[in-house]
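Engineer: If it helps, the file is called start14.txt and holds compact mmCIF, C-alpha atoms:
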```txt
# COMPACT_ATOMS: atom_id res chain seq x y z
CA MET A 12 48.26 -10.72 41.10
CA ALA A 13 44.84 -9.87 39.86
CA LEU A 14 43.45 -13.37 40.43
CA PRO A 15 40.66 -13.17 43.01
CA LEU A 16 41.35 -16.61 44.48
CA PRO A 17 39.43 -17.07 47.70
CA SER A 18 41.47 -17.37 50.86
CA GLY A 19 40.94 -20.59 52.74
CA LEU A 20 39.11 -23.70 51.63
CA VAL A 21 36.05 -23.67 49.39
CA PRO A 22 33.13 -25.99 50.29
CA SER A 23 34.08 -28.67 47.76
CA GLU A 24 37.60 -28.81 49.19
CA VAL A 25 36.20 -29.12 52.71
CA ALA A 26 34.02 -31.97 51.53
CA PHE A 27 37.04 -33.63 49.92
CA LEU A 28 38.90 -33.53 53.23
CA CYS A 29 35.85 -34.92 54.97
CA GLU A 30 35.95 -37.98 52.73
CA MET A 31 39.06 -39.09 54.57
CA GLU A 32 37.07 -39.74 57.74
CA LEU A 33 36.57 -43.34 58.77
CA VAL A 34 33.03 -44.71 58.84
CA THR A 35 31.74 -48.09 59.88
CA VAL A 36 30.57 -50.23 56.99
CA VAL A 37 28.57 -53.47 56.85
CA PRO A 38 29.79 -55.34 53.76
CA ARG A 39 27.50 -57.43 51.63
CA GLN A 40 30.26 -59.01 49.57
CA LYS A 41 33.76 -60.13 50.27
CA LEU A 42 36.53 -57.69 49.51
CA ASP A 43 40.26 -58.17 50.01
CA SER A 44 42.28 -55.55 51.75
CA ILE A 45 43.59 -52.72 49.58
CA ASP A 46 46.88 -50.91 50.10
CA LEU A 47 46.09 -47.23 50.38
CA LEU A 48 48.35 -44.31 51.24
CA SER A 49 46.54 -43.84 54.54
CA GLY A 50 47.03 -47.49 55.46
CA THR A 51 45.72 -50.90 54.49
CA THR A 52 41.96 -51.35 54.53
CA PRO A 53 40.76 -54.33 56.54
CA THR A 54 39.57 -57.41 54.65
CA LEU A 55 35.81 -57.33 54.30
CA ARG A 56 34.06 -60.57 55.21
CA PRO A 57 30.33 -60.08 55.55
CA PRO A 58 28.60 -59.52 57.86
CA ARG A 59 31.47 -58.29 60.05
CA ARG A 60 31.57 -54.53 60.38
CA GLU A 61 34.77 -52.71 59.54
CA ASN A 62 35.96 -49.12 59.48
CA LEU A 63 36.69 -47.76 56.02
CA PRO A 64 37.39 -44.26 54.68
CA LEU A 65 34.21 -42.46 53.71
CA TRP A 66 34.98 -42.24 50.01
CA LEU A 67 35.47 -45.97 49.80
CA GLY A 68 32.33 -46.57 51.86
CA LEU A 69 30.28 -44.36 49.55
CA LEU A 70 31.70 -46.07 46.51
CA LEU A 71 30.80 -49.51 47.83
CA LYS A 72 27.36 -48.25 48.81
CA LYS A 73 26.73 -46.96 45.31
CA GLN A 74 27.78 -50.33 43.92
CA ARG A 75 25.45 -51.98 46.45
CA ARG A 76 28.30 -53.95 47.92
CA ALA A 77 28.02 -52.50 51.42
CA ASN A 78 25.78 -50.54 53.79
CA ILE A 79 27.01 -47.65 55.89
CA VAL A 80 26.32 -47.54 59.62
CA PRO A 81 25.39 -43.99 60.57
CA PRO A 82 27.47 -42.58 63.44
CA PRO A 83 25.60 -42.37 66.76
CA TRP A 84 25.51 -38.57 66.76
CA LEU A 85 23.42 -38.62 63.60
CA HIS A 86 20.43 -40.09 65.39
CA PRO A 87 17.40 -37.76 65.90
CA ASP A 88 17.57 -38.01 69.70
CA SER A 89 21.22 -37.09 69.68
CA LEU A 90 20.59 -34.14 67.36
CA ARG A 91 17.73 -32.95 69.53
CA ALA A 92 19.96 -33.06 72.61
CA ILE A 93 22.60 -31.04 70.78
CA ILE A 94 20.05 -28.45 69.66
CA GLN A 95 18.90 -28.22 73.27
CA HIS A 96 22.46 -27.60 74.38
CA GLU A 97 23.04 -24.99 71.72
CA THR A 98 19.89 -23.02 72.41
CA LYS A 99 19.37 -23.33 76.16
CA THR A 100 22.52 -24.45 77.91
CA ASP A 101 25.10 -22.33 76.10
CA PRO A 102 23.79 -19.51 73.91
CA THR A 103 27.20 -18.03 73.07
CA GLY A 104 29.62 -20.89 72.50
CA TRP A 105 29.08 -23.98 70.39
CA ALA A 106 28.38 -27.50 71.65
CA PRO A 107 31.66 -29.12 72.67
CA PRO A 108 33.33 -31.54 70.23
CA PRO A 109 33.40 -35.28 70.99
CA LEU A 110 35.98 -36.44 73.48
CA PRO A 111 38.79 -38.60 72.12
CA PRO A 112 38.43 -42.34 72.84
CA THR A 113 39.77 -43.26 76.25
CA ARG A 114 40.14 -46.43 78.22
CA ALA A 115 40.29 -46.87 81.97
CA ASP A 116 43.47 -48.44 83.30
CA GLY A 117 42.11 -50.01 86.47
CA ARG A 118 43.67 -47.41 88.74
CA GLY A 119 41.03 -44.75 88.21
CA ASN A 120 42.82 -43.01 85.32
CA ALA A 121 41.50 -42.64 81.80
CA LEU A 122 44.17 -42.91 79.12
CA ARG A 123 43.84 -41.89 75.53
CA ILE A 124 43.98 -44.73 73.05
CA ASN A 125 44.26 -42.77 69.86
CA THR A 126 48.00 -42.32 69.83
CA GLY A 127 49.69 -42.66 66.47
CA GLU A 128 52.86 -44.58 65.67
CA ALA A 129 55.09 -41.96 67.25
CA GLY A 130 53.21 -42.31 70.51
CA GLU A 131 51.85 -38.78 70.33
CA PRO A 132 48.11 -38.16 70.52
CA ILE A 133 46.38 -37.53 67.20
CA LEU A 134 44.39 -34.34 67.46
CA SER A 135 43.28 -33.31 63.98
CA PRO A 136 39.95 -34.19 62.38
CA PRO A 137 40.22 -36.59 59.50
CA PHE A 138 42.25 -38.94 61.67
CA LEU A 139 40.04 -38.98 64.73
CA PRO A 140 37.56 -41.87 64.86
CA SER A 141 34.67 -39.46 65.34
CA CYS A 142 32.35 -40.75 62.60
CA THR A 143 32.57 -44.49 63.19
CA SER A 144 29.99 -46.41 65.14
CA SER A 145 32.14 -46.11 68.24
CA SER A 146 32.01 -42.33 68.38
CA PRO A 147 30.04 -40.79 71.25
CA ALA A 148 26.51 -39.51 70.65
CA GLY A 149 25.57 -35.97 71.59
CA ALA A 150 28.69 -34.25 70.23
CA LEU A 151 29.25 -32.98 66.71
CA PRO A 152 32.65 -33.73 65.17
CA TYR A 153 34.49 -31.25 62.98
CA HIS A 154 33.10 -32.52 59.66
CA TRP A 155 29.52 -33.03 60.84
CA PHE A 156 27.80 -31.05 58.15
CA GLU A 157 29.58 -32.53 55.14
CA LEU A 158 29.31 -36.05 56.47
CA ALA A 159 25.63 -35.69 57.28
CA GLU A 160 24.88 -34.24 53.84
CA MET A 161 26.78 -36.96 52.02
CA LEU A 162 25.21 -39.76 54.03
CA LEU A 163 21.73 -38.32 53.55
CA ALA A 164 22.36 -38.01 49.82
CA HIS A 165 23.77 -41.49 49.19
CA ALA A 166 22.80 -43.63 52.15
CA SER A 167 19.50 -42.22 53.39
CA ASP A 168 18.01 -45.70 53.74
CA ASP A 169 20.69 -46.57 56.29
CA ILE A 170 19.91 -43.59 58.51
CA PHE A 171 17.24 -43.90 61.16
CA ASP A 172 14.34 -41.55 60.20
CA ALA A 173 16.07 -39.54 57.49
CA THR A 174 13.38 -36.84 57.17
CA GLU A 175 13.51 -36.04 60.86
CA VAL A 176 17.29 -35.94 60.70
CA ARG A 177 17.15 -33.56 57.75
CA ALA A 178 14.82 -31.17 59.57
CA LEU A 179 16.92 -31.26 62.74
CA LEU A 180 20.11 -30.67 60.78
CA ARG A 181 18.61 -27.59 59.20
CA ASP A 182 17.62 -26.26 62.62
CA LEU A 183 21.07 -26.96 63.94
CA GLN A 184 22.67 -25.17 61.03
CA GLU A 185 20.52 -22.06 61.58
CA VAL A 186 21.29 -21.90 65.31
CA ARG A 187 25.01 -22.25 64.80
CA ALA A 188 25.08 -19.76 61.92
CA ALA A 189 23.42 -17.21 64.19
CA LYS A 190 26.21 -17.72 66.73
CA MET A 191 28.78 -17.30 63.99
CA ARG A 192 27.25 -13.97 63.02
CA ALA A 193 27.46 -12.82 66.62
CA ILE A 194 31.23 -13.36 66.68
CA PRO A 195 32.34 -9.85 65.63
CA ALA A 196 30.13 -8.33 68.33
CA GLN A 197 31.67 -10.65 70.90
CA LEU A 198 35.16 -9.74 69.75
CA GLU A 199 34.33 -6.10 70.42
CA ALA A 200 32.93 -6.72 73.84
CA GLY A 201 35.30 -9.46 74.93
CA VAL A 202 38.77 -9.30 76.38
CA ASP A 203 41.75 -8.77 74.09
CA GLY A 204 39.77 -9.53 70.98
CA VAL A 205 40.21 -13.28 71.32
CA MET A 206 37.38 -15.75 71.51
CA SER A 207 37.12 -19.50 71.52
CA LEU A 208 35.84 -21.28 68.43
CA ARG A 209 35.76 -24.66 70.13
CA GLY A 210 33.20 -26.95 68.59
CA VAL A 211 32.73 -25.12 65.29
CA GLY A 212 32.33 -27.17 62.10
CA ALA A 213 34.42 -27.18 58.93
CA MET A 214 31.71 -26.07 56.52
CA GLU A 215 30.59 -23.34 58.92
CA LEU A 216 34.12 -21.96 58.88
CA ALA A 217 34.21 -22.01 55.09
CA GLU A 218 30.88 -20.18 54.89
CA SER A 219 31.58 -17.48 57.41
CA ARG A 220 35.24 -16.83 56.62
CA GLY A 221 34.38 -13.99 54.21
CA LEU A 222 32.03 -12.22 56.60
CA VAL A 223 34.15 -12.47 59.74
CA MET A 224 37.38 -11.48 57.99
CA GLY A 225 35.58 -8.56 56.33
CA VAL A 226 34.29 -7.27 59.65
CA VAL A 227 37.66 -7.67 61.34
CA GLU A 228 39.33 -5.78 58.48
CA GLY A 229 36.79 -2.99 58.66
CA VAL A 230 37.21 -2.60 62.41
CA ARG A 231 40.96 -2.56 61.96
CA LYS A 232 40.75 0.22 59.36
CA ILE A 233 38.44 2.32 61.50
CA GLY A 234 40.67 1.97 64.51
CA ALA A 235 43.94 2.39 62.59
CA SER A 236 44.52 6.07 63.23
CA ALA A 237 43.53 5.82 66.90
CA GLU A 238 45.88 2.86 67.18
CA ALA A 239 48.74 4.81 65.60
CA ALA A 240 48.16 7.73 67.97
CA ARG A 241 48.09 5.37 70.93
CA ARG A 242 51.36 3.77 69.83
CA GLU A 243 53.04 7.16 69.52
CA GLU A 244 51.93 8.08 73.00
CA GLU A 245 53.23 4.80 74.34
CA GLU A 246 56.57 5.31 72.65
CA GLU A 247 56.92 8.75 74.12
CA ARG A 248 56.03 7.44 77.53
CA GLY A 249 58.38 4.52 77.04
CA GLU A 250 61.32 6.81 76.17
CA ALA A 251 60.76 8.83 79.32
CA GLY A 252 60.97 5.80 81.62
CA MET A 253 63.51 3.74 79.70
CA ASP A 254 66.38 4.04 82.18
CA ASP A 255 64.75 1.81 84.78
CA GLU A 256 63.92 -1.18 82.59
CA PRO A 257 66.57 -3.58 81.35
CA SER A 258 66.84 -3.38 77.60
CA ASP A 259 66.60 -6.43 75.41
CA ASP A 260 70.21 -6.03 74.31
CA ASP A 261 71.64 -6.80 77.74
CA MET A 262 72.40 -10.48 77.68
CA GLY A 263 72.92 -10.75 81.39
CA LEU A 264 76.31 -12.37 80.95
CA MET B 25 44.69 1.44 51.07
CA SER B 26 46.40 0.64 47.83
CA TYR B 27 46.95 3.06 45.00
CA TYR B 28 44.63 1.21 42.65
CA ASP B 29 41.86 0.58 45.14
CA VAL B 30 38.71 1.87 43.43
CA ASP B 31 36.95 2.53 46.71
CA ALA B 32 39.85 4.66 47.91
CA ILE B 33 39.80 6.69 44.71
CA LEU B 34 36.06 7.24 44.96
CA THR B 35 36.38 8.19 48.61
CA ASP B 36 38.92 10.80 47.63
CA GLY B 37 36.33 12.37 45.41
CA GLU B 38 33.86 13.01 48.22
CA LYS B 39 33.23 16.70 48.86
CA VAL B 40 34.06 18.21 52.23
CA PRO B 41 33.33 21.76 53.40
CA CYS B 42 36.37 24.03 53.84
CA THR B 43 37.00 27.66 54.68
CA PHE B 44 39.73 29.62 52.98
CA GLU B 45 42.01 31.59 55.28
CA TYR B 46 44.01 33.56 52.79
CA ASP B 47 43.26 35.72 49.87
CA VAL B 48 43.90 33.49 46.86
CA PRO B 49 44.06 35.63 43.71
CA TYR B 50 43.28 33.40 40.77
CA LEU B 51 41.13 30.60 42.09
CA GLY B 52 37.84 32.43 41.93
CA HIS B 53 36.39 29.88 39.51
CA LEU B 54 36.27 27.32 42.31
CA ASP B 55 33.49 29.28 43.88
CA ASN B 56 31.58 29.47 40.58
CA SER B 57 31.00 33.13 41.30
CA SER B 58 33.65 35.67 40.53
CA SER B 59 36.54 35.85 38.16
CA SER B 60 38.38 37.71 40.92
CA GLY B 61 40.24 35.96 43.71
CA LEU B 62 38.84 34.20 46.76
CA LYS B 63 38.48 36.24 49.90
CA PRO B 64 39.52 34.80 53.26
CA GLY B 65 36.58 33.23 55.00
CA THR B 66 34.95 31.84 51.84
CA ALA B 67 33.31 28.51 52.50
CA LEU B 68 33.59 25.97 49.70
CA SER B 69 32.98 22.32 49.05
CA LEU B 70 36.13 20.77 47.70
CA PRO B 71 36.99 17.12 46.94
CA LEU B 72 38.81 15.38 49.78
CA TRP B 73 42.13 14.90 47.97
CA LEU B 74 42.43 18.62 47.18
CA ALA B 75 41.17 19.76 50.56
CA GLU B 76 43.52 17.43 52.42
CA MET B 77 46.57 18.57 50.47
CA LEU B 78 45.78 22.25 50.96
CA ALA B 79 44.89 21.82 54.64
CA LEU B 80 48.15 20.07 55.42
CA ALA B 81 50.34 22.45 53.42
CA SER B 82 52.19 25.01 55.49
CA ALA B 83 53.53 28.18 53.96
CA GLY B 84 57.02 28.64 55.43
CA GLU B 85 57.34 30.33 58.85
CA ASP B 86 53.69 30.91 59.70
CA SER B 87 51.95 27.73 60.73
CA LYS B 88 48.69 28.71 59.15
CA ALA B 89 47.49 26.53 56.26
CA PRO B 90 45.67 28.02 53.27
CA LEU B 91 42.38 26.51 54.34
CA THR B 92 40.74 24.71 57.22
CA LEU B 93 38.77 21.50 56.89
CA ASN B 94 35.52 20.83 58.64
CA LEU B 95 33.73 17.56 59.13
CA PRO B 96 31.49 16.76 56.18
CA PRO B 97 27.71 16.86 56.75
CA CYS B 98 27.50 13.06 56.54
CA LEU B 99 29.45 12.94 59.82
CA SER B 100 27.71 15.87 61.49
CA ASP B 101 26.61 15.84 65.12
CA ALA B 102 23.04 14.94 64.20
CA VAL B 103 24.14 11.86 62.26
CA VAL B 104 26.57 10.80 64.98
CA ALA B 105 23.87 11.16 67.61
CA ALA B 106 21.46 9.07 65.50
CA LEU B 107 24.13 6.40 65.07
CA ARG B 108 24.84 6.37 68.76
CA ALA B 109 21.14 5.85 69.47
CA ASP B 110 20.43 3.08 66.96
CA PRO B 111 22.93 2.13 64.26
CA ARG B 112 20.43 0.02 62.38
CA ALA B 113 17.86 2.75 61.84
CA VAL B 114 20.07 5.07 59.80
CA ALA B 115 20.26 4.50 56.04
CA LEU B 116 23.96 5.13 55.63
CA ARG B 117 23.92 5.25 51.87
CA ASP B 118 21.67 8.30 51.98
CA GLN B 119 24.24 10.14 54.08
CA SER B 120 27.18 9.19 51.94
CA VAL B 121 28.05 6.19 49.78
CA HIS B 122 31.56 6.10 51.25
CA LEU B 123 30.71 7.06 54.79
CA TYR B 124 33.20 4.76 56.50
CA GLY B 125 35.92 5.69 54.01
CA VAL B 126 35.45 9.40 54.59
CA GLY B 127 35.18 8.71 58.31
CA VAL B 128 38.55 6.94 58.34
CA ARG B 129 40.18 9.87 56.48
CA MET B 130 38.68 12.32 58.94
CA LEU B 131 39.97 10.22 61.84
CA ASP B 132 43.44 10.45 60.26
CA LEU B 133 43.23 14.21 60.09
CA PHE B 134 41.50 15.01 63.35
CA ASP B 135 41.92 13.22 66.63
CA GLU B 136 38.31 12.31 67.37
CA ARG B 137 38.19 9.31 69.64
CA GLU B 138 34.46 9.50 70.08
CA LEU B 139 33.77 9.50 66.40
CA GLY B 140 36.02 6.48 66.03
CA ALA B 141 34.22 4.60 68.78
CA VAL B 142 30.79 5.41 67.33
CA LEU B 143 31.86 4.37 63.83
CA ARG B 144 33.28 1.10 65.08
CA ARG B 145 30.19 0.21 67.06
CA THR B 146 27.97 1.11 64.09
CA PHE B 147 30.01 -1.05 61.77
CA VAL B 148 29.93 -4.09 64.04
CA VAL B 149 26.20 -3.86 64.77
CA ARG B 150 25.26 -3.40 61.15
CA ALA B 151 27.62 -6.20 60.11
CA ALA B 152 25.58 -8.66 62.16
CA ASP B 153 22.46 -7.54 60.31
CA VAL B 154 24.26 -7.79 56.97
CA GLY B 155 25.21 -11.37 57.79
CA LEU B 156 21.62 -12.25 58.62
CA HIS B 157 20.28 -10.74 55.42
CA ALA B 158 22.98 -12.45 53.39
CA ARG B 159 21.69 -15.76 54.65
CA LYS B 160 18.04 -14.94 54.23
CA ALA B 161 18.51 -13.54 50.76
CA ASP B 162 19.09 -17.03 49.48
CA GLU B 163 16.20 -18.79 51.10
CA GLY B 164 12.77 -17.69 49.95
CA GLY B 165 11.88 -14.56 48.06
CA ILE B 166 13.21 -11.09 48.78
CA GLY B 167 10.78 -9.16 50.96
CA GLY B 168 10.24 -5.43 50.68
CA HIS B 169 11.89 -4.80 54.03
CA GLN B 170 14.98 -6.55 52.78
CA ILE B 171 15.20 -4.47 49.61
CA GLU B 172 14.92 -1.36 51.75
CA PHE B 173 17.73 -2.53 54.00
CA LEU B 174 20.01 -3.48 51.12
CA ARG B 175 19.43 -0.14 49.46
CA GLY B 176 20.64 1.71 52.54
CA LEU B 177 23.93 -0.16 52.79
CA GLU B 178 27.13 1.80 52.50
CA GLU B 179 29.95 0.63 50.23
CA TRP B 180 31.95 -1.26 52.88
CA GLU B 181 28.79 -3.00 54.03
CA ARG B 182 27.91 -3.88 50.48
CA ASN B 183 31.27 -5.66 50.16
CA LEU B 184 30.58 -7.50 53.40
CA PHE B 185 27.19 -8.57 52.08
CA ARG B 186 28.76 -9.83 48.88
CA ARG B 187 31.36 -11.88 50.74
CA ALA B 188 28.87 -13.32 53.23
CA HIS B 189 26.41 -14.18 50.49
CA GLU B 190 29.08 -15.92 48.44
CA GLY B 191 30.02 -18.06 51.41
CA VAL B 192 26.47 -19.16 52.07
CA LYS B 193 25.80 -19.66 48.37
CA GLY B 194 28.90 -21.83 48.01
CA ALA B 195 27.82 -24.12 50.82
CA LYS B 196 24.32 -24.44 49.37
CA GLU B 197 25.59 -25.16 45.89
CA TRP B 198 27.85 -27.87 47.25
CA ALA B 199 24.96 -29.43 49.16
CA ASP B 200 22.82 -29.44 46.01
CA ARG B 201 25.64 -30.91 43.99
CA VAL B 202 26.10 -33.72 46.50
CA LYS B 203 22.42 -34.56 46.31
CA LYS B 204 22.61 -34.86 42.54
CA THR B 205 25.68 -37.11 42.23
```
Now, as a test, write the supplied structure out as structure tokens.
Structural biologist:
Amino acid sequence: MALPLPSGLVPSEVAFLCEMELVTVVPRQKLDSIDLLSGTTPTLRPPRRENLPLWLGLLLKKQRRANIVPPPWLHPDSLRAIIQHETKTDPTGWAPPPLPPTRADGRGNALRINTGEAGEPILSPPFLPSCTSSSPAGALPYHWFELAEMLLAHASDDIFDATEVRALLRDLQEVRAAKMRAIPAQLEAGVDGVMSLRGVGAMELAESRGLVMGVVEGVRKIGASAEAARREEEEERGEAGMDDEPSDDDMGL
Amino acid sequence: MSYYDVDAILTDGEKVPCTFEYDVPYLGHLDNSSSSGLKPGTALSLPLWLAEMLALASAGEDSKAPLTLNLPPCLSDAVVAALRADPRAVALRDQSVHLYGVGVRMLDLFDERELGAVLRRTFVVRAADVGLHARKADEGGIGGHQIEFLRGLEEWERNLFRRAHEGVKGAKEWADRVKKT
């Protein structure tokens, strides 16, 4: 096919997935619960706060029927702490993602409380409560960039000190992008060509996918002939010593 | 590399120096000099596809090929030493537009582990720079130093720059669009 469709998600698709995240909303008018595919929304009786999906929250905000509570990690102090972590504490990896909500059980254990209906823990981003008002400060969830941009665009009056937050977000983006660019060098130097991407954000992945995949491809092409020669040598060496090892065909019956 | 890959076709057209071993009667026009044949020992610059075919051809019993290939000047010892010292200081496009492509073909033909290692390290180091410039190219005006850097990029690196820049541009366009709606 000659269609140059990009591999992976484009930024607008990433933002669309981000809109599934739950945010805390302070309603200004009553609203009955709506049956959505992702579940029933809670009935809105002002001024009780409820968790709604982001797209619904933004819609109500635009209609001036609700205000959005910014998540705790979007506060300037929290962002400054994260920038500190990224620059000083850990210059190679990213700041760790927020821990899942846990509750103590009185015996000194902390149990997860985010299990789904099947009793298994939910691990993937739009379903983690990482953007509600109960999320921990000082850790960036997976969709931090898109959520921060959308809240700053539509709900900047709800965010504490929006200009400061904007400046800090830009700094954070630059620092993390620099780490992303250093990935191919780390892959070279590291063990086995595997490195941890723990804590990276969704939009950062979408931005850097082209560059990182391009570099990995280039390195693969350059090393292809050396790799082929190495494989041939290994095969020859393997044939010489094949009598001692059990072959895969022996079932051991 | 696929059959229709334009970069592969262009790489094939790069000239490499070869020496003829045999006396070839009617190919004198390749040397631009005589209408008579080519003597053994003539050094010529032939395109890679022709040189590769002739170098790998074997004439029956004797294992000697009609010509021997040498490394092109863009991959000479001087260039390799410069790359080993500082990959960022060498303007690769001035050496050869398809330096990495020709390098990969040479690695296929000769078993040069060192050259492979140097090429790989060069590629990775320059890729980090390409990523940085791709980001900076969007914000603010293009400085003179940047134009100089972009001009010296080889073809593979130019592709990398394009891909990196598109990624960053996409994210910025989305952010602007969100602000408008």
Engineer: For chain A, which residues have at least one atom within 9 Å of chain B, if we go by all atoms listed in the file? Write them as a VMD selection string, please.
Structural biologist: chain A and resid 21 to 23 26 157 160 to 161 163 to 165 188 to 189 192 to 196 199 214 to 215 217 to 223 225 to 227 229 to 230 232 to 237 240
Engineer: Just how far from CA of Gly68 in chain A is CA of Gly50 in chain A, in Å to one decimal?
Structural biologist: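 Atom-to-atom, CA of Gly50 in chain A and CA of Gly68 in chain A are spaced 15.2 Å apart.
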Engineer: Expressed in Å to a single decimal, how great is the separation between CA of Ala161 in chain B and CA of Leu183 in chain A?
Structural biologist: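 Going from CA of Ala161 in chain B over to CA of Leu183 in chain A, I get 19.0 Å.
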Engineer: Within 8 Å of Pro82 in chain A, counting all atoms listed in the file, which residues show up once you throw out same-chain ones fewer than 6 positions away? Write them as a ChimeraX atom specification, please.
Structural biologist: /A:34-35,142-146,148
Engineer: Counting only C-alpha atoms, figure out which residue out of A:Asn120, A:Thr113, A:Trp155, A:Trp105 gets nearest to Val211 in chain A.
Structural biologist: A:Trp105
Engineer: Just want the 12 Å neighbourhood of Val40 in chain B, counted on all atoms listed in the file, with same-chain residues fewer than 6 positions away dropped. Output as a VMD selection string.
Structural biologist: chain B and resid 67 to 76 79 91 to 100 120 123 126 to 127 129 to 130
Engineer: Between CA of Ala178 in chain A and CA of Trp66 in chain A, what is the distance in Å, rounded to a tenth?
Structural biologist: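 Straight-line distance from CA of Ala178 in chain A to CA of Trp66 in chain A works out to 24.9 Å.
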Engineer: Which is closer to Ile33 in chain B than all the others in B:His169, B:Glu138, B:Arg182, B:His122, using all atoms listed in the file?
Structural biologist: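 Residue with the minimum atom-to-atom distance to Ile33 in chain B: B:His122.
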Engineer: Could you check which of A:Leu90, A:Gly104, A:Asp182, A:Glu238 is closest to Met206 in chain A, using only C-alpha atoms?
Structural biologist: A:Gly104
Engineer: Residues within 7 Å of Ala77 in chain A, please, as a PyMOL selection string. Count only C-alpha atoms; anything in the same chain fewer than 4 positions from it doesn't count.
Structural biologist: chain A and resi 36-39+71-72
Engineer: Missing atoms in range 121-132 of chain B: can you complete it with N, CA, C and O atoms, as a PDB file, keeping the file's coordinate frame?
Structural biologist:
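Full text of rebuild07.pdb as output:
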```
ATOM      1  N   VAL B 121      27.769   7.547  50.244  1.00  0.00           N
ATOM      2  CA  VAL B 121      28.050   6.190  49.780  1.00  0.00           C
ATOM      3  C   VAL B 121      29.320   5.655  50.422  1.00  0.00           C
ATOM      4  O   VAL B 121      29.454   4.479  50.711  1.00  0.00           O
ATOM      5  N   HIS B 122      30.286   6.538  50.692  1.00  0.00           N
ATOM      6  CA  HIS B 122      31.560   6.100  51.250  1.00  0.00           C
ATOM      7  C   HIS B 122      31.721   6.617  52.660  1.00  0.00           C
ATOM      8  O   HIS B 122      32.758   7.160  53.012  1.00  0.00           O
ATOM      9  N   LEU B 123      30.684   6.445  53.470  1.00  0.00           N
ATOM     10  CA  LEU B 123      30.710   7.060  54.790  1.00  0.00           C
ATOM     11  C   LEU B 123      31.886   6.576  55.618  1.00  0.00           C
ATOM     12  O   LEU B 123      32.596   7.370  56.231  1.00  0.00           O
ATOM     13  N   TYR B 124      32.087   5.269  55.684  1.00  0.00           N
ATOM     14  CA  TYR B 124      33.200   4.760  56.500  1.00  0.00           C
ATOM     15  C   TYR B 124      34.539   5.206  55.937  1.00  0.00           C
ATOM     16  O   TYR B 124      35.456   5.544  56.700  1.00  0.00           O
ATOM     17  N   GLY B 125      34.665   5.249  54.611  1.00  0.00           N
ATOM     18  CA  GLY B 125      35.920   5.690  54.010  1.00  0.00           C
ATOM     19  C   GLY B 125      36.248   7.120  54.386  1.00  0.00           C
ATOM     20  O   GLY B 125      37.349   7.442  54.843  1.00  0.00           O
ATOM     21  N   VAL B 126      35.251   8.000  54.216  1.00  0.00           N
ATOM     22  CA  VAL B 126      35.450   9.400  54.590  1.00  0.00           C
ATOM     23  C   VAL B 126      35.714   9.510  56.086  1.00  0.00           C
ATOM     24  O   VAL B 126      36.564  10.288  56.533  1.00  0.00           O
ATOM     25  N   GLY B 127      34.990   8.686  56.865  1.00  0.00           N
ATOM     26  CA  GLY B 127      35.180   8.710  58.310  1.00  0.00           C
ATOM     27  C   GLY B 127      36.610   8.368  58.692  1.00  0.00           C
ATOM     28  O   GLY B 127      37.221   9.016  59.545  1.00  0.00           O
ATOM     29  N   VAL B 128      37.173   7.333  58.027  1.00  0.00           N
ATOM     30  CA  VAL B 128      38.550   6.940  58.340  1.00  0.00           C
ATOM     31  C   VAL B 128      39.511   8.064  58.000  1.00  0.00           C
ATOM     32  O   VAL B 128      40.449   8.371  58.755  1.00  0.00           O
ATOM     33  N   ARG B 129      39.295   8.755  56.851  1.00  0.00           N
ATOM     34  CA  ARG B 129      40.180   9.870  56.480  1.00  0.00           C
ATOM     35  C   ARG B 129      40.077  10.991  57.500  1.00  0.00           C
ATOM     36  O   ARG B 129      41.063  11.615  57.878  1.00  0.00           O
ATOM     37  N   MET B 130      38.848  11.266  57.948  1.00  0.00           N
ATOM     38  CA  MET B 130      38.680  12.320  58.940  1.00  0.00           C
ATOM     39  C   MET B 130      39.381  11.947  60.239  1.00  0.00           C
ATOM     40  O   MET B 130      39.984  12.795  60.903  1.00  0.00           O
ATOM     41  N   LEU B 131      39.298  10.650  60.619  1.00  0.00           N
ATOM     42  CA  LEU B 131      39.970  10.220  61.840  1.00  0.00           C
ATOM     43  C   LEU B 131      41.477  10.388  61.710  1.00  0.00           C
ATOM     44  O   LEU B 131      42.170  10.650  62.689  1.00  0.00           O
ATOM     45  N   ASP B 132      42.011  10.219  60.464  1.00  0.00           N
ATOM     46  CA  ASP B 132      43.440  10.450  60.260  1.00  0.00           C
ATOM     47  C   ASP B 132      43.801  11.902  60.474  1.00  0.00           C
ATOM     48  O   ASP B 132      44.871  12.229  60.985  1.00  0.00           O
TER      49      ASP B 132
END
```
